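*Asks:* Take a look at the following structure, please.
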Amino acid sequence: MSVVLNICFGMLSLAMLISVIRLVRGPSLPDRVVALDLVGVLVVGMIILYDVATQLAVFLDAAIVLALVGFAGTVAFAKYLERRARPD
Amino acid sequence: MRRSLILQTAARYLIPLLFLFSIIVLFRGHNLPGGGFSGGLLAATGFSLYVFAFDAASARRALGVDTHAIMGAGLLCALLSGFVGLLRGSAFLTSWWGALGGEAVGTPILFDIGVYLVVIGSTLTTVFALAEE
Amino acid sequence: MNALLAMPVIIPLLGAALSLLGWRSRRIQRGLGVLTSVTLLVVSVLLLARVSRDGIQVTALGSWPAPFGIVLVADLFSAIMVCVASVTATAVVFYSLVSIDRRREAFGYYPLFSLLLMGVCGAFLTGDIFNLYVWFEVMLISSFVLLALGGEKPQFDSAIKYVTLNLISSAIFLAAIGMTYGLTGTLNMADLALKLPLAPQQGTVTAIAMLYLVAFGIKAAVFPLFFWLPASYHTPPVAVSAVFAGLLTKVGVYALIRVFTLLFIHDPAITHTVLMWIAGLTMLTGVLGAVAQNDFRRILSFHIISQIGYMIMGLGLYTRAALAASIFYIVHHIIVKTNLFLVSGVAKRLTGSYELKKMGGLYASYPWLAVLFMIPAMSLAGMPPLSGFFAKLGIISAGLAEEQYLLVAAAIVAGLLTLFSMTKIWGEAFWKPLPSDVEAPGAADLVAARRMMWPIAVLAAITVSLGFGAGWLYDLSTRAASQLIDRSEYIRAVLG
Amino acid sequence: MLTGCAFLLLAAVGILRMPDIFTRMSASSKATTLGIGCMLIALALHFRDVGVTTKVLLVIAFFFLKAPVAAHVLARAAYRIGTPLWKETFVDELREYYDQEEYLVHRRGGLERPGEASPQADEAQDTSPPST
Amino acid sequence: MAHVEGHSGGAVGWIGWLVGILPLSLFIWYITMIPAVSEGHRYVFSAVWIETLAFRFTLEIDGLALLFLILISGIGFLIFGYAGHYLQGHRHLGRCYLYLTAFMFSMLGLVAAGDLITLFIFWELTSITSYLLIGLDHDRKSARDAALQALLVTGGGGLALLVGFILLGQVAGTFDLGELALLGSEVQGSALYVPILLLILLGAFTKSAQVPFHFWLPNAMEAPTPVSAYLHSATMVKAGVYLLARLSIVLSGRDEWVMIVTTAGVVTMLVGAVMAFLFTDLKRVLAYSTISALGTLVFLLGLGTPAAANAAIVFLLAHALYKAALFMIAGVIDHQTGTREVTQLGGLRAAMPITATIALVAAVSLAGFGPVLSFIGKEMLLEAVFSGGRMREILLIAALISAALLTAVAGMVAIRPFFGKRRETPVEPHEAGAGLLAGPLLLAFAGLILGLMPDGVTRGLIAPAAASVTGVPEELHLALWHGVNLPLMMSAASVIVGVLLFLMWEKLRTFTVRLSPLKPATPSAMYAYSLAALNSIARGQTRILQNGYLRVYLMTVFATVLALMGLLVLRNGMPPVTLADWSNLRFYEVVVAVMILAGAFVAVRSESRLGAVAALGVVGYSVALMYIIFSAPDLAMTQFVIETLTVVIFVLVLYHLPRYAKLSSSPARLRDAIISIAVGVLMTVLVLAVTHTDVDAELSRFYVENSVGGGHGRNIVNVILVDFRALDTLGEITVLAIAAIGVFAMLKLRVERNDT
Amino acid sequence: MLWRKNNVRIILAIVIGTLYGAALYMMLRRHIVKLIIGLALLSHAANLLIFTAGALGGLQRGRPPIIGSDGTRLIGAHADPVPQALILTAIVISFGVLAFALVLLHRTYESVGTDDLDQMRGTEE
Amino acid sequence: MNATTTFLWNLLLALVWALAVGDLTVGTLGVGFLAGMLVFFVARRVVGSEAYARKIGKLLKLIAFFLADLIKSNLRVAHDVATPKFSMRPGVLAIPLDVESDGEIITFANFITLTPGTLSLDVSADRKTLFIHSMYTPDAEQMKKELKEGLERRIIEVTR
Ligand code: NA
Ligand code: NA
């Protein structure tokens, strides 16, 4: 079990680092936002893994909250971009 | 500018869900992770979504109550929960617990509701005002 | 249980909460603003009487005993501070009724004012170090808002500095709290007093003490951390300046005194020596700053700093007499400094400016205003028999008794320069004829100015009576200082 | 669980490797949904608890609702501000619509306004506010 | 020139005499005290003012005090009456009386004080009231400047005096003058004697215009003449002399006293006399002659012998009488002719015969040669010097020179304007009314009468006063005629020289012109320099400290932190920091840490603001993940939402803000980086130091135990928030509410205004 | 056992130090937006500091301070709830303050018309 | 939304509540019901009138179809991401819409987005056209047809 978990942790960690690369690289803002969004999801994944690793379900709630709200950040960014696009 | 129909429609479903969850988080907070803060923030996030999907004016309409009043009510709730202790002859904020339908109900819950309301009120005041810029 | 003790926190919050519910009515806001501060005044006087009569008062909120719950503690020092705060606040509220414009009133001036008071009173009363942080934040954020409220360029400009530096202060404070808890496992100040000496590394304790020193030093506006104050205090409406000038920095001073009498007295050779150096430099740099200014309120702002030096001097000396003098000084200063700012507001009404160059003629045309300026100004300059004289007398006596001649010399020089800059204002704004290009005030301004002078008169009367009644206040301050020096009474009252 | 993680990793690699924002989003939005979905189901199976299962179902439902919406909103915005499509994109039917129906100012191709940097740089998306 | 719009003799002018009832009554009251006081009785009033500072407000009337009280109230009465006529029609006449009254009471209090602090209080009050009086014609800049100068000089001295008093009180253990009088040897034996002496002398010398602090007094002639007559000749300037007289019993005796006080007095006496001789403005001339007289008094007190003390008292009384008279005469001349320039005056005798007579009598007193009290004073002075030990030749010569010069001055003041050729004056002169002349008349003739019949006043006032100074009651006999003796001959010689000088005056005066290159070295110029220097230092300091650069402020704050910590490290050494093994670390924890760091790195380095915000989001999410890993689900949950909302608000705001521009130079970046790294290292070390040892988690245990039972909740963090530490939470939601009000107000208040 | 010594406190201490440094560096820049990003980083740093320094028994993995639903006491090592409560308060406070500061910056930029903090010296000249 | 639907929704919410809270008692259900009512009270302006959750069978079929599609296309992307060369042929397409209601449109659009390779970009103002971005578009018209006849048809079956 712990081997499986460790592999999972490993994969998610790798995914996180990759996302950070995208965050660093950009080039455009939407790229960074996608990276942020993905980090949020990966964090949810991490928490789920951690739940299993610790045999505690209490952390799940935090993951749910993140899942629920993480979306708002992305939408906010999108709105920002659209306001910029407004013909002026 | 034309707003996204897809987002608007999704918001209609998502917001009640967020709101429901916020209340869950609020009331469960005493025993499990959560509480007035996270609950209030969740609810506020929900309404912020509404602002993005539609606009601040319709979000205000949808809320129906002045955000300042929500804050005021929240502060009053928190204060009231404190007064209960005073009125019962103990120190300010001394808790008092009773039972209601098998559930333990006490002034700290009222306090938490106060927190919840203030958080919603203040966050929304901020977000609405900013969105109206 | 001691309900009275929580009232200085509850009353302003209640007032503000009700104001929020009545957000749209200006009349409700004004009424609640006045009601709040007047009630607070009554409560704080009762509290002071109670503490004076029955000794240190403690209430454990939520009935959770210290050190587990938060306690509010009123020793004489705290009670005095709350009392003075509410006196000035009441004066300023009445002044605000006339001087604050409708727009600001409509956007929450009064509830913000009440909440500022709440933060100030909470900071004075709390017996818990983290709770102190919370009250600091309440006070700060309301001051941020009051500072920026309805402002234009200069106000925002200065608010940035004010906000940033104060947030830095809060961040340092917060870090210090985290470390304090990490080192002792407690947050209750009385408990900390017992546990800090037990911490295995006293060197680290001193390092944390220094963090507190810097954090509170910023709030108290001591050298070399005072920048935010002269950058900002002259920009908001004068009622706001006045209450800032009177109260805010003094909360920092209060915190310094509290922390360096109750918690960090393990190595005074370094902590209190540093405090003395700071005190001397603060006095001098502050007053020199004032000398360089040509604006009514800027002069006053720099004087705040200089005067803070005197208060810190008492703390640095760390004797009963010195602390008593510090407390006396604080009380005197709060009243006087607030009042001077209020006077500047009237002067502005009548001449249309705060710039000394553009002012004049007040002495010839408004003798009562001249009197009302002279009293606090001369008191600030330490002229007998006003309160400032006895404040200076006490602090200098204490300094001489401790043979800190350099510090006394600094105090003397600062005193003379204070006199110099007060007379500068007098000479320019009052004696000098009104420049010919300045218009005479309109009828509405005259009426407003007359009404604004009432609270000023009350504060001036207090200044005079604090001079003639200096014995009474010194008595009280000395008892308060005794409680600070002999910590056992405080600790016993809190921990039982 | 492993599958879920694999999908998530896939999403990450996707956003790293894909050539333009739209393809990146395509890659990430569904992989994440699927990945989290798998993980959540694994979690529910692991705990076998009513509460946890309910929550899991709730979150899955929510994810299926929000993930595509988020992707859509961002893609729409990205498109509207003129984020460049991959050079091999062969057809763009939306552009014609925008040009005709919504008079949206396009900044794609040679239509940049003076003073604005090339769309390759971040600046095309992150410009100063219009000076009004 | 003051006012001049009024006419003397009008009905309103008499109001002054009405107000004068107050000083007159006091005068009479004090007169009634003479018998008892001369018998050695003391009138004492004492009340506790500040218990804890051992400060009692004490008034004590002995011989010395009574002499001054009588002078102050008596001359006060005459001045009050005179001022009513002189300042008739002045717009601030009411205020003038108010200040004069206030001044009089301060002065009365000063001399009646029986305690150092009480004395100091009144001392400072005389400075303030004098400030207001000098600035009575405040529309003139010169008047304002003169008032300020007087205040600063005397106020600065006053502060030194305060320190001296406090030290004296601490050395002696009492502030009470009566008790102090008995503690002279203790005080003089103290290591602090010299500082005490210097500080007190600084106070006394500034107040009594001793060189080099004398310059304020001539400038103070900006004040209306009644004020000058009262404050700057008869009373206030005598306060320093009074103080020396009062404290000589405590302080005199040691060489330092004799050296310093005598020297200062002699120099002042000479400088005053020379300057009086060289000036042409009547008031200035009188002012310098006053300085000279004050020097004389100081030098007598410096001698410290009983004979000198006696001489001082007599001289003091005499001087007060004739100098006030002369000032008032100068005022009358000014008032009636429109000028006080000696060179413009002449032959007024015909138009103003009474004035001329009075002036002549007063001038005789000034010259100190004739049947006047000042003659007796001068004789006693020469006696005292003669019988004194050290330096007596020098002192004698100095005294004679100044006497000669003052004789010449007397001629200038009283002879020149009234005799000789009639000169044109701005106003056609005619005799002044009784209201203006009553005062000088009484004073001038008082000097004459007392000179002729000195016994009463000697017994009643002079002897008791001298006894207060020396501490020993002594029989004292004053007489005009002691026979032809050495002092008399010297006196006569000085008068002859004086007459010669008076005759050569015009020629000698050109000497002044030649002195003008020395002007920058005068104390007055020094005052101006130091004021200018002060201003430029102040401005320079403020420019450096309050430079307006926020980042400099921030840097200073952190530099202060680092400096304080460096101080500690120097003193206490490094805190114990063990870099223990890393074995317990999980790799994903490192990854999360790296995520935080990477996020922070991107946030710092990002060229795009929103990129930085996104990076901030990554930091926030990763921190929350850290919270999860280390068992803080509540924190993580809140952090997630907060982070999201922060991003939302950032995005909403950033829309309105400009994008990054490179503003800092590379050296600035490097410097900032160094400070930042230093602070980072400091925080790391502190965290490691704090976590070096385990600490008993008493609080945590209590919360765990009472959470369910007392708090009815299983989530301990939440129970802490809403119950154990609910007050924190109450404050916290208040913060939120305030912030929201603030945001709302900042955004809406402007919008509204733009609309209207 | 000295839990705190052989724990992750070191890596967290480094993270904290870096965050403080990064925050300060940002605040020392001249651009107003960097200032606020610095403030945000500062708040993270302070929170993590309390979290690390305040964990009296050392940082605990998988031991949240929540009592099981059966009401049994929390036995054995568990995370210290006190710093958590403190941070929770601090987080929310800094959120409010940050929101305010952001809007303040916005309004300042609008009325002063520059993004360069060095240009904002009007009140001190 | 009519009263019955509201009531059913409310009951569902109460159930969710009780489950989420963690124990199923009359008490929690009651509180949950109240909470649900509160939600509806607050959200009534938000939700608007819609019809929900009928034709469960059709729904399940739709889900099955969708899941299959989801996995299938995910694998395809995975292959593309994991291998060095891209086999993509992206394009932005306009799809005429038959679905009408908000619910239908969003379901369709979301399903399209969730299917790898495609991404909904926008709906035209007249709600007649959906614009999508497609990564694998060998033939644009073929693609449009597949989507309309696969997904859209099934959605309409469920909703009408
Ligand atoms: Na402050
Ligand atoms: Na202040």
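Each chain in the structure tokens gets a letter, A, B, ..., in the order shown, and its residues are numbered from 1; ligands are numbered from 1 in order too.
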What do you get as a ChimeraX atom specification if you pick all residues at most 8 Å from ligand 1, counting only C-alpha atoms and all ligand atoms?

*Replies:* /C:139-140,143,162,166,218-221,229,244,248-249,251-252

*Asks:* Limited to N, CA, C and O atoms, could you put the picked residues into a file as a compact mmCIF listing (two decimals), in the first residue's frame?

*Replies:*
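Output file again_6.txt is given in full below:
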```txt
# COMPACT_ATOMS: atom_id res chain seq x y z
N MET C 139 -7.56 48.71 15.79
CA MET C 139 -7.23 50.12 15.85
C MET C 139 -6.59 50.59 14.55
O MET C 139 -6.96 51.63 13.99
N LEU C 140 -5.66 49.78 14.06
CA LEU C 140 -4.93 50.18 12.87
C LEU C 140 -5.83 50.28 11.66
O LEU C 140 -5.82 51.28 10.94
N SER C 143 -7.95 53.12 11.77
CA SER C 143 -7.20 54.36 11.51
C SER C 143 -6.83 54.47 10.03
O SER C 143 -6.88 55.55 9.47
N TYR C 162 1.79 55.20 5.84
CA TYR C 162 1.22 54.87 7.14
C TYR C 162 0.84 53.40 7.20
O TYR C 162 1.22 52.68 8.12
N ASN C 166 2.94 50.49 9.29
CA ASN C 166 2.21 49.89 10.41
C ASN C 166 1.97 48.41 10.18
O ASN C 166 1.91 47.64 11.14
N ILE C 218 7.62 51.23 16.26
CA ILE C 218 7.01 51.80 15.05
C ILE C 218 5.68 52.44 15.41
O ILE C 218 5.40 53.58 15.06
N LYS C 219 4.86 51.71 16.16
CA LYS C 219 3.55 52.25 16.50
C LYS C 219 3.66 53.49 17.37
O LYS C 219 2.85 54.40 17.26
N ALA C 220 4.66 53.46 18.24
CA ALA C 220 4.83 54.62 19.12
C ALA C 220 5.55 55.76 18.40
O ALA C 220 5.66 56.84 18.94
N ALA C 221 6.04 55.48 17.21
CA ALA C 221 6.76 56.50 16.43
C ALA C 221 8.01 57.00 17.14
O ALA C 221 8.17 58.20 17.36
N LEU C 229 4.57 58.77 10.73
CA LEU C 229 3.72 59.75 11.42
C LEU C 229 3.77 61.12 10.76
O LEU C 229 2.73 61.66 10.38
N PHE C 244 -5.90 60.72 16.27
CA PHE C 244 -4.67 59.97 16.02
C PHE C 244 -3.56 60.49 16.92
O PHE C 244 -2.85 59.74 17.58
N LEU C 248 -3.24 57.27 19.14
CA LEU C 248 -2.65 56.09 18.50
C LEU C 248 -1.23 55.79 18.97
O LEU C 248 -0.93 54.68 19.39
N THR C 249 -0.37 56.77 18.86
CA THR C 249 1.01 56.48 19.25
C THR C 249 1.07 56.09 20.72
O THR C 249 1.94 55.33 21.11
N VAL C 251 -0.90 54.27 22.27
CA VAL C 251 -1.13 52.84 22.43
C VAL C 251 0.19 52.10 22.25
O VAL C 251 0.48 51.14 22.98
N GLY C 252 1.00 52.57 21.31
CA GLY C 252 2.32 51.98 21.15
C GLY C 252 3.16 52.18 22.41
O GLY C 252 3.83 51.25 22.88
```

*Asks:* Can you tell me which residues surround Leu35 in chain F at a distance of at most 12 Å, considering only C-alpha atoms, apart from same-chain residues fewer than 4 positions away, and format the answer as an MDAnalysis selection string?

*Replies:* (chainID C and resid 160:161 163:165 167:168) or (chainID E and resid 550:551 554 603:604 609 612 660) or (chainID F and resid 22:31 39:42 98 101:102 104:105 115:117)

*Asks:* Give me a file of those residues, with N, CA, C and O atoms, as a short mmCIF file (atom, residue, chain, number, x, y, z; two decimals), in the first residue's frame.

*Replies:*
```cif
data_model
loop_
_atom_site.label_atom_id
_atom_site.label_comp_id
_atom_site.auth_asym_id
_atom_site.auth_seq_id
_atom_site.Cartn_x
_atom_site.Cartn_y
_atom_site.Cartn_z
N ILE C 160 -0.40 55.41 2.18
CA ILE C 160 0.42 54.27 1.76
C ILE C 160 1.55 54.04 2.76
O ILE C 160 1.80 52.92 3.19
N LYS C 161 2.20 55.10 3.12
CA LYS C 161 3.33 54.96 4.04
C LYS C 161 2.83 54.54 5.42
O LYS C 161 3.39 53.66 6.06
N VAL C 163 0.12 52.97 6.18
CA VAL C 163 -0.36 51.60 6.17
C VAL C 163 0.81 50.62 6.10
O VAL C 163 0.91 49.68 6.89
N THR C 164 1.72 50.86 5.17
CA THR C 164 2.80 49.90 4.99
C THR C 164 3.64 49.76 6.26
O THR C 164 3.89 48.65 6.73
N LEU C 165 4.04 50.88 6.81
CA LEU C 165 4.92 50.78 7.97
C LEU C 165 4.20 50.18 9.17
O LEU C 165 4.79 49.42 9.93
N LEU C 167 1.80 48.02 8.94
CA LEU C 167 1.64 46.59 8.68
C LEU C 167 2.95 45.85 8.96
O LEU C 167 2.93 44.73 9.47
N ILE C 168 4.05 46.49 8.64
CA ILE C 168 5.34 45.89 8.98
C ILE C 168 5.44 45.70 10.48
O ILE C 168 5.84 44.65 10.98
N LEU E 550 9.43 55.66 0.79
CA LEU E 550 8.91 54.56 1.60
C LEU E 550 9.94 53.46 1.77
O LEU E 550 10.11 52.90 2.84
N ARG E 551 10.64 53.14 0.66
CA ARG E 551 11.55 52.00 0.79
C ARG E 551 12.73 52.32 1.69
O ARG E 551 13.27 51.44 2.34
N LEU E 554 11.38 51.65 5.06
CA LEU E 554 11.33 50.21 5.32
C LEU E 554 12.73 49.67 5.61
O LEU E 554 12.93 48.89 6.53
N ALA E 603 6.84 34.90 -7.98
CA ALA E 603 6.18 36.15 -7.59
C ALA E 603 7.19 37.30 -7.59
O ALA E 603 6.86 38.42 -7.98
N VAL E 604 8.39 37.02 -7.14
CA VAL E 604 9.39 38.07 -7.08
C VAL E 604 9.91 38.42 -8.46
O VAL E 604 10.06 39.58 -8.82
N ARG E 609 2.36 41.33 -13.61
CA ARG E 609 1.73 41.44 -12.30
C ARG E 609 0.82 40.28 -12.04
O ARG E 609 0.79 39.72 -10.95
N ALA E 612 2.53 37.25 -11.22
CA ALA E 612 2.92 37.26 -9.82
C ALA E 612 1.75 36.87 -8.93
O ALA E 612 1.90 36.15 -7.95
N TYR E 660 4.01 46.43 -14.58
CA TYR E 660 5.34 46.68 -14.04
C TYR E 660 6.18 47.54 -14.97
O TYR E 660 6.09 47.45 -16.17
N ALA F 22 11.87 37.32 0.60
CA ALA F 22 11.19 37.65 -0.65
C ALA F 22 10.21 38.79 -0.44
O ALA F 22 10.12 39.73 -1.24
N ALA F 23 9.48 38.70 0.67
CA ALA F 23 8.49 39.75 0.96
C ALA F 23 9.19 41.09 1.08
O ALA F 23 8.76 42.09 0.48
N LEU F 24 10.26 41.10 1.83
CA LEU F 24 10.94 42.37 2.04
C LEU F 24 11.51 42.90 0.73
O LEU F 24 11.38 44.09 0.42
N TYR F 25 12.09 42.00 -0.03
CA TYR F 25 12.66 42.43 -1.30
C TYR F 25 11.58 43.07 -2.17
O TYR F 25 11.79 44.13 -2.78
N MET F 26 10.42 42.45 -2.19
CA MET F 26 9.33 43.01 -2.99
C MET F 26 8.91 44.38 -2.47
O MET F 26 8.58 45.30 -3.22
N MET F 27 8.90 44.50 -1.15
CA MET F 27 8.43 45.76 -0.58
C MET F 27 9.44 46.88 -0.80
O MET F 27 9.09 48.05 -0.74
N LEU F 28 10.66 46.49 -1.04
CA LEU F 28 11.68 47.51 -1.27
C LEU F 28 11.71 47.98 -2.72
O LEU F 28 12.48 48.87 -3.08
N ARG F 29 10.90 47.39 -3.56
CA ARG F 29 10.83 47.84 -4.95
C ARG F 29 10.02 49.13 -5.02
O ARG F 29 9.33 49.49 -4.07
N ARG F 30 10.10 49.73 -6.15
CA ARG F 30 9.43 51.03 -6.25
C ARG F 30 8.02 50.95 -6.78
O ARG F 30 7.24 51.90 -6.69
N HIS F 31 7.67 49.82 -7.35
CA HIS F 31 6.35 49.71 -7.96
C HIS F 31 5.31 49.36 -6.90
O HIS F 31 5.51 48.47 -6.08
N LEU F 39 3.50 42.40 0.74
CA LEU F 39 2.68 42.29 1.95
C LEU F 39 2.02 40.92 2.03
O LEU F 39 1.94 40.32 3.11
N ALA F 40 1.55 40.45 0.90
CA ALA F 40 0.88 39.14 0.89
C ALA F 40 1.87 38.04 1.28
O ALA F 40 1.55 37.16 2.09
N LEU F 41 3.07 38.12 0.74
CA LEU F 41 4.08 37.12 1.09
C LEU F 41 4.42 37.20 2.58
O LEU F 41 4.62 36.19 3.25
N LEU F 42 4.46 38.43 3.06
CA LEU F 42 4.79 38.64 4.47
C LEU F 42 3.79 37.92 5.37
O LEU F 42 4.16 37.32 6.38
N LEU F 98 -5.29 43.22 3.64
CA LEU F 98 -4.75 43.17 2.28
C LEU F 98 -5.77 43.74 1.29
O LEU F 98 -5.41 44.50 0.38
N ALA F 101 -5.70 47.36 1.64
CA ALA F 101 -4.47 47.94 1.10
C ALA F 101 -4.50 47.96 -0.43
O ALA F 101 -4.07 48.92 -1.05
N LEU F 102 -5.04 46.90 -0.99
CA LEU F 102 -5.13 46.85 -2.45
C LEU F 102 -5.97 48.00 -2.99
O LEU F 102 -5.60 48.68 -3.95
N LEU F 104 -6.62 50.68 -1.52
CA LEU F 104 -5.91 51.93 -1.24
C LEU F 104 -4.90 52.23 -2.36
O LEU F 104 -4.81 53.35 -2.85
N LEU F 105 -4.19 51.19 -2.75
CA LEU F 105 -3.23 51.37 -3.83
C LEU F 105 -3.92 51.83 -5.11
O LEU F 105 -3.44 52.73 -5.80
N ASP F 115 2.85 54.98 -10.62
CA ASP F 115 2.99 53.68 -9.98
C ASP F 115 4.32 53.60 -9.25
O ASP F 115 4.67 52.60 -8.69
N ASP F 116 5.04 54.71 -9.28
CA ASP F 116 6.37 54.71 -8.69
C ASP F 116 6.29 55.27 -7.27
O ASP F 116 5.94 56.43 -7.07
N LEU F 117 6.60 54.42 -6.30
CA LEU F 117 6.49 54.86 -4.92
C LEU F 117 7.43 56.04 -4.64
O LEU F 117 7.15 56.86 -3.78
#
```

*Asks:* Taking only C-alpha atoms and all ligand atoms and a cut-off of 10 Å, can you tell me which residues surround ligand 2, written as an MDAnalysis selection string?

*Replies:* chainID C and resid 219:221 229:230 233 241:253 300:305 307:308 333:334 337:338

*Asks:* Which of chain B end up as helix (DSSP H, G or I) when DSSP is run on this backbone - answer as number ranges by chain?

*Replies:* B: 5-28, 36-53, 56-63, 67-87, 107-131

*Asks:* Would you mind listing what lies within 9 Å of Ala446 in chain E as a count of residues only, with only C-alpha atoms counted and same-chain residues fewer than 3 positions away left out?

*Replies:* 11

*Asks:* Write out as a ChimeraX atom specification every residue belonging to chain E that has an atom at most 6 Å from any atom of chain A, counting only C-alpha atoms.

*Replies:* /E:633,637,640,644,647-648

*Asks:* Generate a file of the selected residues that holds C-alpha atoms, formatted as a PDB file, in the first residue's frame.

*Replies:*
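Saved result, part.pdb, follows:
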```pdb
ATOM      1  CA  PRO E 633      -7.267  21.061   8.314  1.00  0.00           C
ATOM      2  CA  MET E 637      -9.592  25.080   4.538  1.00  0.00           C
ATOM      3  CA  PHE E 640      -7.841  27.812   0.397  1.00  0.00           C
ATOM      4  CA  THR E 644      -8.940  32.259  -3.829  1.00  0.00           C
ATOM      5  CA  VAL E 647      -6.744  36.251  -6.108  1.00  0.00           C
ATOM      6  CA  VAL E 648     -10.219  37.439  -6.983  1.00  0.00           C
TER       7      VAL E 648
END
```
